[in-house]
Amino acid sequence: MDTAAASSGTGAVVARGRTVTGIEGLDNILNGGIPRGSMVLLAGAVGTGKTTLSLEYLIRGAESGERSLFLSVTEHTAKLVENLATFEFFRSELVESGALVLVDLPDIYTRLGLDREELSSEEIFLLTKAILDLVAETGVKRCVLDSLTSVVYRIHRDEQIRDFLLTLSRGLNRLGCTTLLTSELASGQARYSTHGVEEAIVDGVILLGNASRRGDILRVLQVVKMRGTSHSRAQYVMELTPIGLLMAPHLKGNSPEGT
Ligand SMILES: Nc1ncnc2c1ncn2[C@@H]1O[C@H](COP(=O)(O)OP(=O)(O)OP(=O)(O)O)[C@@H](O)[C@H]1O
Ligand SMILES: [Mg+2]
């Protein structure tokens with residue numbers, strides 16, 4: 001394990017170990033996992049596997065003793081639990097014991113009284129604090145926000161998004177929590193997020209997409225950036241199976257089909 005002190009993108013300095021995702025193919029691409037305390041954008045078009053990858057990351061963590069938190073915005077967590085049953089490696093005890101914590105972000109909005117479509121700077125601060133308090137209270141070391149897109153939909157100014165992400169990132173880094181933020185891309189979109197400021201702030205970007213091969217559409221994964229580690233930048237074919245995500249090098253001669 002790499003324990004050298006390293007500076008995160010947000011200026012905080014932490015002893016840098018790795019968060020081994022538990023998704024073997026991804027850990028190999030990242031040479032051992034995500035630098036601990038990083039905030040990573042997981043970007044992709046609809047159905048490319050963002051939620052599936054996020055959930056496997058959390059379940060593998062919970063199984064190995066790292067408490068994990070899923071903050072869901074678009075899908076109700078009760079429905080997610082039903083979908084989790086399709087994974088052979090998922091046990092409902094993980095949720096019952098609190099090793100895997102599932103929270104509906106709209107419940108937090110309601111508790112904080114955030115009912116207007118556009119959030120003010122003060123409301124963004126309240127939301128950030130509520131998330132950081134939840135991470136601190138539960139002691140989780142892995143967190144997923146699914147999706148960042150639906151949160152920033154309510155934050156209209158670039159500088160407010162920047163502040164939101166910087167404050168969240170610094171806080172989560174201080175708590176030693178390694179975080180994935182999903183980002184919904186329109187097909188063919190050139191950037192990795194809604195405003196384009198998000199990818200500059202986060203420590204890493206993992207891109208999920210589609211590629212065609214002899215009439216089939218394959219799911220592909222590519223690590224675009226990951227501060228604090230060397231990594232492959234090659235494109236991998238990603239297969240969603242009941243035993244988890246499997247990655248294989250994407251052979252030449254296949255034409256990419258947008259994101
Ligand atoms: N357990 C599973 N085994 C095999 N394939 C699955 C499994 N779960 C989901 N899928 C496939 O993955 C697709 C969606 O995956 P997922 O929900 O992770 O994508 P997403 O990128 O989060 O999509 P969205 O942008 O709609 O939220 C499904 O349409 C289905 O084809
Ligand atoms: Mg999803």
# chains A, B, ... in the order shown; residues from 1 in each chain; ligands from 1
>>> residues_near_ligand(ligand="ligand 1", cutoff="7 Å", atoms="only C-alpha atoms and all ligand atoms", output="JSON, numbers by chain")
{"A": [44, 45, 46, 47, 48, 49, 50, 51, 52, 53, 86, 87, 184, 240, 241, 242]}
>>> write_last_selection(atoms="C-alpha atoms", output="compact mmCIF listing (two decimals), in the first residue's frame")
# COMPACT_ATOMS: atom_id res chain seq x y z
CA GLY A 44 -21.58 8.22 -18.96
CA ALA A 45 -24.71 8.22 -21.07
CA VAL A 46 -27.92 6.50 -19.97
CA GLY A 47 -27.62 2.78 -19.33
CA THR A 48 -23.83 2.67 -19.51
CA GLY A 49 -23.61 1.15 -16.01
CA LYS A 50 -22.93 4.12 -13.68
CA THR A 51 -25.32 2.97 -10.95
CA THR A 52 -24.25 -0.67 -11.27
CA LEU A 53 -20.53 0.15 -10.96
CA THR A 86 -29.61 -9.65 -9.02
CA PHE A 87 -25.99 -9.51 -7.80
CA GLU A 184 -25.23 11.85 -16.84
CA LEU A 240 -22.23 -6.56 -16.37
CA THR A 241 -22.62 -10.04 -14.92
CA PRO A 242 -24.30 -11.47 -11.79
>>> closest_atom_pairs(of="chain A", to="ligand 2", cutoff="12 Å", atoms="only C-alpha atoms and all ligand atoms", output="CSV")
residue,atom,partner,partner_atom_place_in_ligand_line,distance
A:Leu42,CA,ligand 2,1 (Mg),10.5
A:Ala43,CA,ligand 2,1 (Mg),10.4
A:Gly44,CA,ligand 2,1 (Mg),9.4
A:Ala45,CA,ligand 2,1 (Mg),9.3
A:Val46,CA,ligand 2,1 (Mg),7.2
A:Gly47,CA,ligand 2,1 (Mg),6.9
A:Thr48,CA,ligand 2,1 (Mg),8.3
A:Gly49,CA,ligand 2,1 (Mg),6.8
A:Lys50,CA,ligand 2,1 (Mg),5.4
A:Thr51,CA,ligand 2,1 (Mg),4.1
A:Thr52,CA,ligand 2,1 (Mg),7.2
A:Leu53,CA,ligand 2,1 (Mg),9.3
A:Ser54,CA,ligand 2,1 (Mg),8.9
A:Leu55,CA,ligand 2,1 (Mg),9.9
A:Phe70,CA,ligand 2,1 (Mg),11.9
A:Leu71,CA,ligand 2,1 (Mg),11.8
A:Ser72,CA,ligand 2,1 (Mg),9.3
A:Val73,CA,ligand 2,1 (Mg),9.7
A:Thr74,CA,ligand 2,1 (Mg),7.9
A:Glu75,CA,ligand 2,1 (Mg),7.7
A:His76,CA,ligand 2,1 (Mg),11.1
A:Thr77,CA,ligand 2,1 (Mg),11.8
A:Leu80,CA,ligand 2,1 (Mg),10.1
A:Asn83,CA,ligand 2,1 (Mg),11.7
A:Val144,CA,ligand 2,1 (Mg),11.3
A:Leu145,CA,ligand 2,1 (Mg),10.4
A:Asp146,CA,ligand 2,1 (Mg),6.8
A:Ser147,CA,ligand 2,1 (Mg),7.4
A:Leu148,CA,ligand 2,1 (Mg),10.9
A:Thr149,CA,ligand 2,1 (Mg),10.9
A:Ser150,CA,ligand 2,1 (Mg),11.2
A:Leu181,CA,ligand 2,1 (Mg),11.0
A:Thr182,CA,ligand 2,1 (Mg),7.8
A:Ser183,CA,ligand 2,1 (Mg),9.1
A:Glu184,CA,ligand 2,1 (Mg),8.2
A:Leu185,CA,ligand 2,1 (Mg),11.3
A:Leu208,CA,ligand 2,1 (Mg),11.7
>>> write_last_selection(atoms="N, CA and C atoms", output="JSON list (two decimals), in the first residue's frame")
[["chain", "number", "residue", "atom", "x", "y", "z"],
["A", 42, "LEU", "N", -17.88, 9.82, -12.24],
["A", 42, "LEU", "CA", -18.16, 8.62, -13.03],
["A", 42, "LEU", "C", -19.18, 9.04, -14.08],
["A", 43, "ALA", "N", -18.68, 9.32, -15.29],
["A", 43, "ALA", "CA", -19.52, 9.95, -16.31],
["A", 43, "ALA", "C", -19.91, 8.95, -17.39],
["A", 44, "GLY", "N", -21.15, 9.09, -17.88],
["A", 44, "GLY", "CA", -21.58, 8.22, -18.96],
["A", 44, "GLY", "C", -23.01, 8.50, -19.38],
["A", 45, "ALA", "N", -23.34, 8.06, -20.57],
["A", 45, "ALA", "CA", -24.71, 8.22, -21.07],
["A", 45, "ALA", "C", -25.65, 7.26, -20.35],
["A", 46, "VAL", "N", -26.94, 7.37, -20.64],
["A", 46, "VAL", "CA", -27.92, 6.50, -19.97],
["A", 46, "VAL", "C", -27.62, 5.02, -20.24],
["A", 47, "GLY", "N", -27.76, 4.23, -19.19],
["A", 47, "GLY", "CA", -27.62, 2.78, -19.33],
["A", 47, "GLY", "C", -26.21, 2.28, -19.53],
["A", 48, "THR", "N", -25.20, 3.12, -19.29],
["A", 48, "THR", "CA", -23.83, 2.67, -19.51],
["A", 48, "THR", "C", -23.27, 1.95, -18.28],
["A", 49, "GLY", "N", -24.02, 1.93, -17.18],
["A", 49, "GLY", "CA", -23.61, 1.15, -16.01],
["A", 49, "GLY", "C", -23.12, 1.97, -14.82],
["A", 50, "LYS", "N", -23.42, 3.25, -14.78],
["A", 50, "LYS", "CA", -22.93, 4.12, -13.68],
["A", 50, "LYS", "C", -23.44, 3.63, -12.32],
["A", 51, "THR", "N", -24.75, 3.38, -12.24],
["A", 51, "THR", "CA", -25.32, 2.97, -10.95],
["A", 51, "THR", "C", -24.81, 1.58, -10.57],
["A", 52, "THR", "N", -24.71, 0.70, -11.55],
["A", 52, "THR", "CA", -24.25, -0.67, -11.27],
["A", 52, "THR", "C", -22.81, -0.66, -10.74],
["A", 53, "LEU", "N", -21.92, 0.08, -11.41],
["A", 53, "LEU", "CA", -20.53, 0.15, -10.96],
["A", 53, "LEU", "C", -20.46, 0.75, -9.55],
["A", 54, "SER", "N", -21.24, 1.82, -9.34],
["A", 54, "SER", "CA", -21.25, 2.49, -8.03],
["A", 54, "SER", "C", -21.67, 1.53, -6.92],
["A", 55, "LEU", "N", -22.72, 0.76, -7.20],
["A", 55, "LEU", "CA", -23.22, -0.15, -6.17],
["A", 55, "LEU", "C", -22.23, -1.28, -5.90],
["A", 70, "PHE", "N", -24.75, 5.20, 0.01],
["A", 70, "PHE", "CA", -25.27, 5.52, -1.31],
["A", 70, "PHE", "C", -26.31, 6.62, -1.17],
["A", 71, "LEU", "N", -26.03, 7.77, -1.76],
["A", 71, "LEU", "CA", -26.97, 8.89, -1.75],
["A", 71, "LEU", "C", -27.68, 8.89, -3.09],
["A", 72, "SER", "N", -28.97, 8.58, -3.07],
["A", 72, "SER", "CA", -29.70, 8.43, -4.32],
["A", 72, "SER", "C", -30.60, 9.63, -4.56],
["A", 73, "VAL", "N", -30.55, 10.15, -5.76],
["A", 73, "VAL", "CA", -31.39, 11.30, -6.08],
["A", 73, "VAL", "C", -32.54, 10.87, -6.97],
["A", 74, "THR", "N", -32.22, 10.11, -8.03],
["A", 74, "THR", "CA", -33.25, 9.81, -9.03],
["A", 74, "THR", "C", -34.01, 8.51, -8.77],
["A", 75, "GLU", "N", -33.33, 7.49, -8.29],
["A", 75, "GLU", "CA", -34.00, 6.19, -8.07],
["A", 75, "GLU", "C", -34.28, 6.01, -6.59],
["A", 76, "HIS", "N", -35.49, 5.57, -6.26],
["A", 76, "HIS", "CA", -35.83, 5.36, -4.85],
["A", 76, "HIS", "C", -35.02, 4.18, -4.31],
["A", 77, "THR", "N", -34.46, 4.34, -3.10],
["A", 77, "THR", "CA", -33.57, 3.30, -2.58],
["A", 77, "THR", "C", -34.29, 1.96, -2.36],
["A", 80, "LEU", "N", -33.93, 0.22, -5.45],
["A", 80, "LEU", "CA", -32.53, -0.18, -5.65],
["A", 80, "LEU", "C", -32.22, -1.50, -4.95],
["A", 83, "ASN", "N", -33.24, -4.31, -6.98],
["A", 83, "ASN", "CA", -32.31, -4.55, -8.09],
["A", 83, "ASN", "C", -31.01, -5.20, -7.62],
["A", 144, "VAL", "N", -21.20, 7.36, -2.54],
["A", 144, "VAL", "CA", -21.60, 7.59, -3.93],
["A", 144, "VAL", "C", -22.75, 8.58, -3.94],
["A", 145, "LEU", "N", -22.66, 9.58, -4.80],
["A", 145, "LEU", "CA", -23.79, 10.48, -5.03],
["A", 145, "LEU", "C", -24.28, 10.19, -6.45],
["A", 146, "ASP", "N", -25.51, 9.65, -6.53],
["A", 146, "ASP", "CA", -26.06, 9.24, -7.83],
["A", 146, "ASP", "C", -27.38, 9.97, -8.07],
["A", 147, "SER", "N", -27.41, 11.08, -8.78],
["A", 147, "SER", "CA", -26.31, 11.60, -9.55],
["A", 147, "SER", "C", -25.98, 13.04, -9.17],
["A", 148, "LEU", "N", -24.72, 13.42, -9.46],
["A", 148, "LEU", "CA", -24.31, 14.82, -9.29],
["A", 148, "LEU", "C", -25.13, 15.70, -10.24],
["A", 149, "THR", "N", -25.42, 15.16, -11.42],
["A", 149, "THR", "CA", -26.16, 15.93, -12.43],
["A", 149, "THR", "C", -27.48, 16.45, -11.86],
["A", 150, "SER", "N", -28.19, 15.59, -11.14],
["A", 150, "SER", "CA", -29.49, 16.04, -10.62],
["A", 150, "SER", "C", -29.35, 17.04, -9.49],
["A", 181, "LEU", "N", -19.03, 10.40, -7.88],
["A", 181, "LEU", "CA", -20.17, 11.24, -8.24],
["A", 181, "LEU", "C", -20.57, 10.85, -9.66],
["A", 182, "THR", "N", -21.80, 10.39, -9.86],
["A", 182, "THR", "CA", -22.16, 10.03, -11.22],
["A", 182, "THR", "C", -22.60, 11.27, -12.01],
["A", 183, "SER", "N", -22.28, 11.24, -13.30],
["A", 183, "SER", "CA", -22.57, 12.37, -14.17],
["A", 183, "SER", "C", -23.25, 11.84, -15.43],
["A", 184, "GLU", "N", -24.45, 12.34, -15.69],
["A", 184, "GLU", "CA", -25.23, 11.85, -16.84],
["A", 184, "GLU", "C", -24.89, 12.65, -18.09],
["A", 185, "LEU", "N", -24.40, 11.96, -19.10],
["A", 185, "LEU", "CA", -24.01, 12.65, -20.33],
["A", 185, "LEU", "C", -25.02, 12.40, -21.44],
["A", 208, "LEU", "N", -17.69, 6.09, -18.89],
["A", 208, "LEU", "CA", -18.36, 4.88, -19.38],
["A", 208, "LEU", "C", -19.04, 5.23, -20.70]]
>>> residues_around(residues="Ile201 in chain A", least_positions_apart="6", cutoff="10 Å", atoms="only C-alpha atoms", output="VMD selection string")
chain A and resid 9 to 10 39 to 41 161 to 163 165 to 166 169
>>> write_last_selection(atoms="N, CA and C atoms", output="compact mmCIF listing (two decimals), in the first residue's frame")
# COMPACT_ATOMS: atom_id res chain seq x y z
N GLY A 9 -6.33 17.22 -4.95
CA GLY A 9 -6.62 18.33 -5.84
C GLY A 9 -7.22 19.50 -5.12
N THR A 10 -7.73 19.28 -3.91
CA THR A 10 -8.41 20.34 -3.20
C THR A 10 -7.49 21.02 -2.20
N MET A 39 -12.18 12.37 -4.84
CA MET A 39 -13.54 12.54 -5.34
C MET A 39 -13.48 12.32 -6.86
N VAL A 40 -14.24 11.34 -7.32
CA VAL A 40 -14.11 10.89 -8.71
C VAL A 40 -15.45 11.03 -9.44
N LEU A 41 -15.38 11.59 -10.63
CA LEU A 41 -16.58 11.71 -11.47
C LEU A 41 -16.71 10.43 -12.30
N ILE A 161 -21.28 26.01 -8.21
CA ILE A 161 -20.96 24.59 -8.40
C ILE A 161 -19.53 24.33 -7.94
N ARG A 162 -18.64 25.26 -8.33
CA ARG A 162 -17.24 25.15 -7.93
C ARG A 162 -17.13 25.13 -6.41
N ASP A 163 -17.79 26.07 -5.74
CA ASP A 163 -17.74 26.15 -4.27
C ASP A 163 -18.31 24.88 -3.64
N LEU A 165 -18.53 21.84 -4.89
CA LEU A 165 -17.66 20.68 -5.07
C LEU A 165 -16.37 20.79 -4.25
N LEU A 166 -15.82 22.01 -4.18
CA LEU A 166 -14.59 22.18 -3.41
C LEU A 166 -14.83 21.93 -1.93
N SER A 169 -15.56 18.21 -1.43
CA SER A 169 -14.36 17.43 -1.66
C SER A 169 -13.38 17.54 -0.48
>>> closest_atom_pairs(of="range 168-202 of chain A", to="range 223-228 of chain A", cutoff="12 Å", atoms="only C-alpha atoms", output="JSON lines")
{"residue": "A:Arg191", "atom": "CA", "partner": "A:Val224", "partner_atom": "CA", "distance": 11.5}
{"residue": "A:Tyr192", "atom": "CA", "partner": "A:Val224", "partner_atom": "CA", "distance": 10.0}
{"residue": "A:Glu199", "atom": "CA", "partner": "A:Lys225", "partner_atom": "CA", "distance": 9.3}
{"residue": "A:Ala200", "atom": "CA", "partner": "A:Lys225", "partner_atom": "CA", "distance": 10.1}
{"residue": "A:Ile201", "atom": "CA", "partner": "A:Arg227", "partner_atom": "CA", "distance": 10.9}
{"residue": "A:Val202", "atom": "CA", "partner": "A:Arg227", "partner_atom": "CA", "distance": 9.0}
>>> residues_around(residues="Glu122 in chain A", least_positions_apart="6", cutoff="12 Å", atoms="only C-alpha atoms", output="NGL selection string")
:A and (112 or 114 or 128-129 or 155 or 160 or 163-164)
>>> write_last_selection(atoms="C-alpha atoms", output="PDB file, in the first residue's frame")
ATOM      1  CA  LEU A 112     -33.765  21.076   5.268  1.00  0.00           C
ATOM      2  CA  LEU A 114     -35.032  23.006   0.250  1.00  0.00           C
ATOM      3  CA  THR A 128     -23.096  20.307   1.840  1.00  0.00           C
ATOM      4  CA  LYS A 129     -23.052  20.360   5.644  1.00  0.00           C
ATOM      5  CA  ILE A 155     -27.355  25.058  -8.806  1.00  0.00           C
ATOM      6  CA  GLN A 160     -21.610  28.037  -6.908  1.00  0.00           C
ATOM      7  CA  ASP A 163     -17.742  26.148  -4.271  1.00  0.00           C
ATOM      8  CA  PHE A 164     -20.115  23.231  -3.641  1.00  0.00           C
TER       9      PHE A 164
END
>>> closest_atom_pairs(of="range 58-108 of chain A", to="range 21-30 of chain A", cutoff="9 Å", atoms="only C-alpha atoms", output="JSON lines")
{"residue": "A:Leu58", "atom": "CA", "partner": "A:Thr21", "partner_atom": "CA", "distance": 8.1}
{"residue": "A:Ile59", "atom": "CA", "partner": "A:Gly22", "partner_atom": "CA", "distance": 8.8}
{"residue": "A:Arg60", "atom": "CA", "partner": "A:Gly22", "partner_atom": "CA", "distance": 5.3}
{"residue": "A:Gly61", "atom": "CA", "partner": "A:Thr21", "partner_atom": "CA", "distance": 6.9}
{"residue": "A:Ser64", "atom": "CA", "partner": "A:Gly22", "partner_atom": "CA", "distance": 8.7}
>>> closest_residue(among="A:Arg233, A:Arg36, A:Arg111, A:Arg154", to="His250 in chain A", atoms="only C-alpha atoms")
A:Arg233
>>> select_by_dssp(residues="range 101-235 of chain A", states="strand (DSSP E or B)", output="PyMOL selection string")
chain A and resi 101-104+142-146+178-184+204-213+216-226+235
>>> write_last_selection(atoms="N, CA and C atoms", output="mmCIF file, in the first residue's frame")
data_model
loop_
_atom_site.group_PDB
_atom_site.id
_atom_site.type_symbol
_atom_site.label_atom_id
_atom_site.label_comp_id
_atom_site.auth_asym_id
_atom_site.auth_seq_id
_atom_site.Cartn_x
_atom_site.Cartn_y
_atom_site.Cartn_z
ATOM 1 N N VAL A 101 -25.256 1.831 3.793
ATOM 2 C CA VAL A 101 -26.303 2.786 4.156
ATOM 3 C C VAL A 101 -26.876 3.389 2.874
ATOM 4 N N LEU A 102 -28.199 3.308 2.720
ATOM 5 C CA LEU A 102 -28.847 3.848 1.518
ATOM 6 C C LEU A 102 -29.740 5.019 1.938
ATOM 7 N N VAL A 103 -29.515 6.171 1.342
ATOM 8 C CA VAL A 103 -30.267 7.375 1.728
ATOM 9 C C VAL A 103 -30.841 8.049 0.476
ATOM 10 N N ASP A 104 -32.121 8.438 0.565
ATOM 11 C CA ASP A 104 -32.741 9.197 -0.524
ATOM 12 C C ASP A 104 -32.457 10.685 -0.294
ATOM 13 N N ARG A 142 -16.663 5.056 2.109
ATOM 14 C CA ARG A 142 -16.974 5.100 0.674
ATOM 15 C C ARG A 142 -18.330 5.760 0.525
ATOM 16 N N CYS A 143 -18.421 6.654 -0.451
ATOM 17 C CA CYS A 143 -19.682 7.343 -0.663
ATOM 18 C C CYS A 143 -19.936 7.456 -2.166
ATOM 19 N N VAL A 144 -21.204 7.358 -2.543
ATOM 20 C CA VAL A 144 -21.604 7.588 -3.932
ATOM 21 C C VAL A 144 -22.748 8.583 -3.936
ATOM 22 N N LEU A 145 -22.660 9.580 -4.805
ATOM 23 C CA LEU A 145 -23.789 10.479 -5.032
ATOM 24 C C LEU A 145 -24.281 10.189 -6.452
ATOM 25 N N ASP A 146 -25.508 9.655 -6.534
ATOM 26 C CA ASP A 146 -26.060 9.236 -7.835
ATOM 27 C C ASP A 146 -27.382 9.967 -8.067
ATOM 28 N N THR A 178 -13.699 8.065 0.248
ATOM 29 C CA THR A 178 -13.441 8.049 -1.200
ATOM 30 C C THR A 178 -14.793 8.022 -1.922
ATOM 31 N N THR A 179 -15.000 9.023 -2.790
ATOM 32 C CA THR A 179 -16.352 9.294 -3.296
ATOM 33 C C THR A 179 -16.455 9.205 -4.810
ATOM 34 N N LEU A 180 -17.549 8.605 -5.276
ATOM 35 C CA LEU A 180 -17.877 8.621 -6.703
ATOM 36 C C LEU A 180 -19.100 9.508 -6.898
ATOM 37 N N LEU A 181 -19.034 10.395 -7.879
ATOM 38 C CA LEU A 181 -20.175 11.241 -8.244
ATOM 39 C C LEU A 181 -20.569 10.846 -9.656
ATOM 40 N N THR A 182 -21.802 10.394 -9.855
ATOM 41 C CA THR A 182 -22.164 10.025 -11.225
ATOM 42 C C THR A 182 -22.597 11.265 -12.007
ATOM 43 N N SER A 183 -22.279 11.237 -13.298
ATOM 44 C CA SER A 183 -22.575 12.370 -14.174
ATOM 45 C C SER A 183 -23.252 11.841 -15.434
ATOM 46 N N GLU A 184 -24.449 12.337 -15.688
ATOM 47 C CA GLU A 184 -25.234 11.846 -16.836
ATOM 48 C C GLU A 184 -24.887 12.652 -18.089
ATOM 49 N N GLY A 204 -10.567 12.680 -10.091
ATOM 50 C CA GLY A 204 -10.507 11.656 -11.129
ATOM 51 C C GLY A 204 -11.735 11.683 -12.008
ATOM 52 N N VAL A 205 -11.581 11.187 -13.221
ATOM 53 C CA VAL A 205 -12.720 11.045 -14.136
ATOM 54 C C VAL A 205 -12.666 9.644 -14.747
ATOM 55 N N ILE A 206 -13.759 8.893 -14.574
ATOM 56 C CA ILE A 206 -13.899 7.588 -15.230
ATOM 57 C C ILE A 206 -15.057 7.725 -16.207
ATOM 58 N N LEU A 207 -14.795 7.381 -17.458
ATOM 59 C CA LEU A 207 -15.796 7.554 -18.505
ATOM 60 C C LEU A 207 -16.371 6.200 -18.918
ATOM 61 N N LEU A 208 -17.693 6.090 -18.892
ATOM 62 C CA LEU A 208 -18.364 4.884 -19.383
ATOM 63 C C LEU A 208 -19.040 5.233 -20.696
ATOM 64 N N GLY A 209 -19.050 4.310 -21.624
ATOM 65 C CA GLY A 209 -19.671 4.617 -22.915
ATOM 66 C C GLY A 209 -20.081 3.369 -23.662
ATOM 67 N N ASN A 210 -20.428 3.569 -24.912
ATOM 68 C CA ASN A 210 -20.839 2.466 -25.788
ATOM 69 C C ASN A 210 -19.882 2.392 -26.973
ATOM 70 N N ALA A 211 -19.656 1.187 -27.466
ATOM 71 C CA ALA A 211 -18.872 1.017 -28.695
ATOM 72 C C ALA A 211 -19.521 -0.112 -29.478
ATOM 73 N N SER A 212 -19.476 0.002 -30.791
ATOM 74 C CA SER A 212 -20.130 -1.051 -31.574
ATOM 75 C C SER A 212 -19.112 -2.085 -32.032
ATOM 76 N N ARG A 213 -19.554 -3.349 -32.033
ATOM 77 C CA ARG A 213 -18.711 -4.429 -32.572
ATOM 78 C C ARG A 213 -19.617 -5.416 -33.294
ATOM 79 N N ASP A 216 -23.216 -5.439 -32.398
ATOM 80 C CA ASP A 216 -23.528 -5.387 -30.962
ATOM 81 C C ASP A 216 -23.086 -4.050 -30.383
ATOM 82 N N ILE A 217 -23.758 -3.599 -29.323
ATOM 83 C CA ILE A 217 -23.257 -2.419 -28.611
ATOM 84 C C ILE A 217 -22.598 -2.909 -27.330
ATOM 85 N N LEU A 218 -21.319 -2.609 -27.193
ATOM 86 C CA LEU A 218 -20.573 -3.017 -26.009
ATOM 87 C C LEU A 218 -20.515 -1.861 -25.022
ATOM 88 N N ARG A 219 -20.417 -2.185 -23.733
ATOM 89 C CA ARG A 219 -20.154 -1.126 -22.749
ATOM 90 C C ARG A 219 -18.647 -1.001 -22.598
ATOM 91 N N VAL A 220 -18.154 0.240 -22.565
ATOM 92 C CA VAL A 220 -16.707 0.433 -22.423
ATOM 93 C C VAL A 220 -16.413 1.382 -21.267
ATOM 94 N N LEU A 221 -15.213 1.214 -20.695
ATOM 95 C CA LEU A 221 -14.761 2.038 -19.563
ATOM 96 C C LEU A 221 -13.369 2.555 -19.855
ATOM 97 N N GLN A 222 -13.127 3.808 -19.471
ATOM 98 C CA GLN A 222 -11.813 4.416 -19.692
ATOM 99 C C GLN A 222 -11.526 5.370 -18.524
ATOM 100 N N VAL A 223 -10.354 5.245 -17.926
ATOM 101 C CA VAL A 223 -9.982 6.192 -16.873
ATOM 102 C C VAL A 223 -9.308 7.378 -17.555
ATOM 103 N N VAL A 224 -9.949 8.535 -17.493
ATOM 104 C CA VAL A 224 -9.455 9.724 -18.186
ATOM 105 C C VAL A 224 -8.411 10.443 -17.339
ATOM 106 N N LYS A 225 -8.696 10.552 -16.045
ATOM 107 C CA LYS A 225 -7.680 11.119 -15.134
ATOM 108 C C LYS A 225 -7.867 10.538 -13.748
ATOM 109 N N MET A 226 -6.768 10.437 -13.009
ATOM 110 C CA MET A 226 -6.831 10.021 -11.608
ATOM 111 C C MET A 226 -5.585 10.578 -10.923
ATOM 112 N N GLN A 235 -9.012 1.904 -23.430
ATOM 113 C CA GLN A 235 -10.437 1.635 -23.303
ATOM 114 C C GLN A 235 -10.637 0.138 -23.031
#
>>> select_by_dssp(residues="range 88-172 of chain A", states="helix (DSSP H, G or I)", output="PyMOL selection string")
chain A and resi 93-96+105-112+121-138+148-152+158-172
>>> write_last_selection(atoms="C-alpha atoms", output="CSV table (one decimal), in the first residue's frame")
chain,number,residue,atom,x,y,z
A,93,GLU,CA,-27.6,-8.3,5.9
A,94,LEU,CA,-25.2,-5.6,4.6
A,95,VAL,CA,-28.1,-3.1,4.6
A,96,GLU,CA,-29.7,-4.5,7.8
A,105,LEU,CA,-31.4,12.7,-1.0
A,106,PRO,CA,-34.9,14.1,-1.5
A,107,ASP,CA,-35.6,13.2,2.2
A,108,ILE,CA,-32.6,15.5,3.1
A,109,TYR,CA,-34.0,18.2,0.9
A,110,THR,CA,-37.4,17.9,2.7
A,111,ARG,CA,-35.7,17.9,6.2
A,112,LEU,CA,-33.8,21.1,5.3
A,121,SER,CA,-25.7,29.8,-1.8
A,122,GLU,CA,-26.9,29.5,1.8
A,123,GLU,CA,-29.0,26.4,0.9
A,124,ILE,CA,-26.1,24.9,-1.0
A,125,PHE,CA,-24.0,25.3,2.2
A,126,LEU,CA,-26.8,23.6,4.3
A,127,LEU,CA,-26.9,20.7,1.8
A,128,THR,CA,-23.1,20.3,1.8
A,129,LYS,CA,-23.1,20.4,5.6
A,130,ALA,CA,-25.9,17.8,5.8
A,131,ILE,CA,-23.9,15.4,3.6
A,132,LEU,CA,-20.7,15.9,5.5
A,133,ASP,CA,-22.5,15.4,8.8
A,134,LEU,CA,-24.0,12.2,7.6
A,135,VAL,CA,-20.6,10.9,6.5
A,136,ALA,CA,-19.1,11.8,9.8
A,137,GLU,CA,-21.9,10.3,11.9
A,138,THR,CA,-22.1,7.0,10.0
A,148,LEU,CA,-24.3,14.8,-9.3
A,149,THR,CA,-26.2,15.9,-12.4
A,150,SER,CA,-29.5,16.0,-10.6
A,151,VAL,CA,-28.0,18.1,-7.8
A,152,VAL,CA,-26.3,20.6,-10.0
A,158,ASP,CA,-20.6,28.0,-12.2
A,159,GLU,CA,-19.0,29.6,-9.2
A,160,GLN,CA,-21.6,28.0,-6.9
A,161,ILE,CA,-21.0,24.6,-8.4
A,162,ARG,CA,-17.2,25.1,-7.9
A,163,ASP,CA,-17.7,26.1,-4.3
A,164,PHE,CA,-20.1,23.2,-3.6
A,165,LEU,CA,-17.7,20.7,-5.1
A,166,LEU,CA,-14.6,22.2,-3.4
A,167,THR,CA,-16.2,22.3,0.0
A,168,LEU,CA,-17.6,18.8,-0.4
A,169,SER,CA,-14.4,17.4,-1.7
A,170,ARG,CA,-12.3,19.0,1.1
A,171,GLY,CA,-14.7,17.7,3.8
A,172,LEU,CA,-14.9,14.2,2.4
>>> closest_residue(among="A:Leu69, A:Val81, A:Val197, A:Leu246", to="Val140 in chain A", atoms="only C-alpha atoms")
A:Leu69
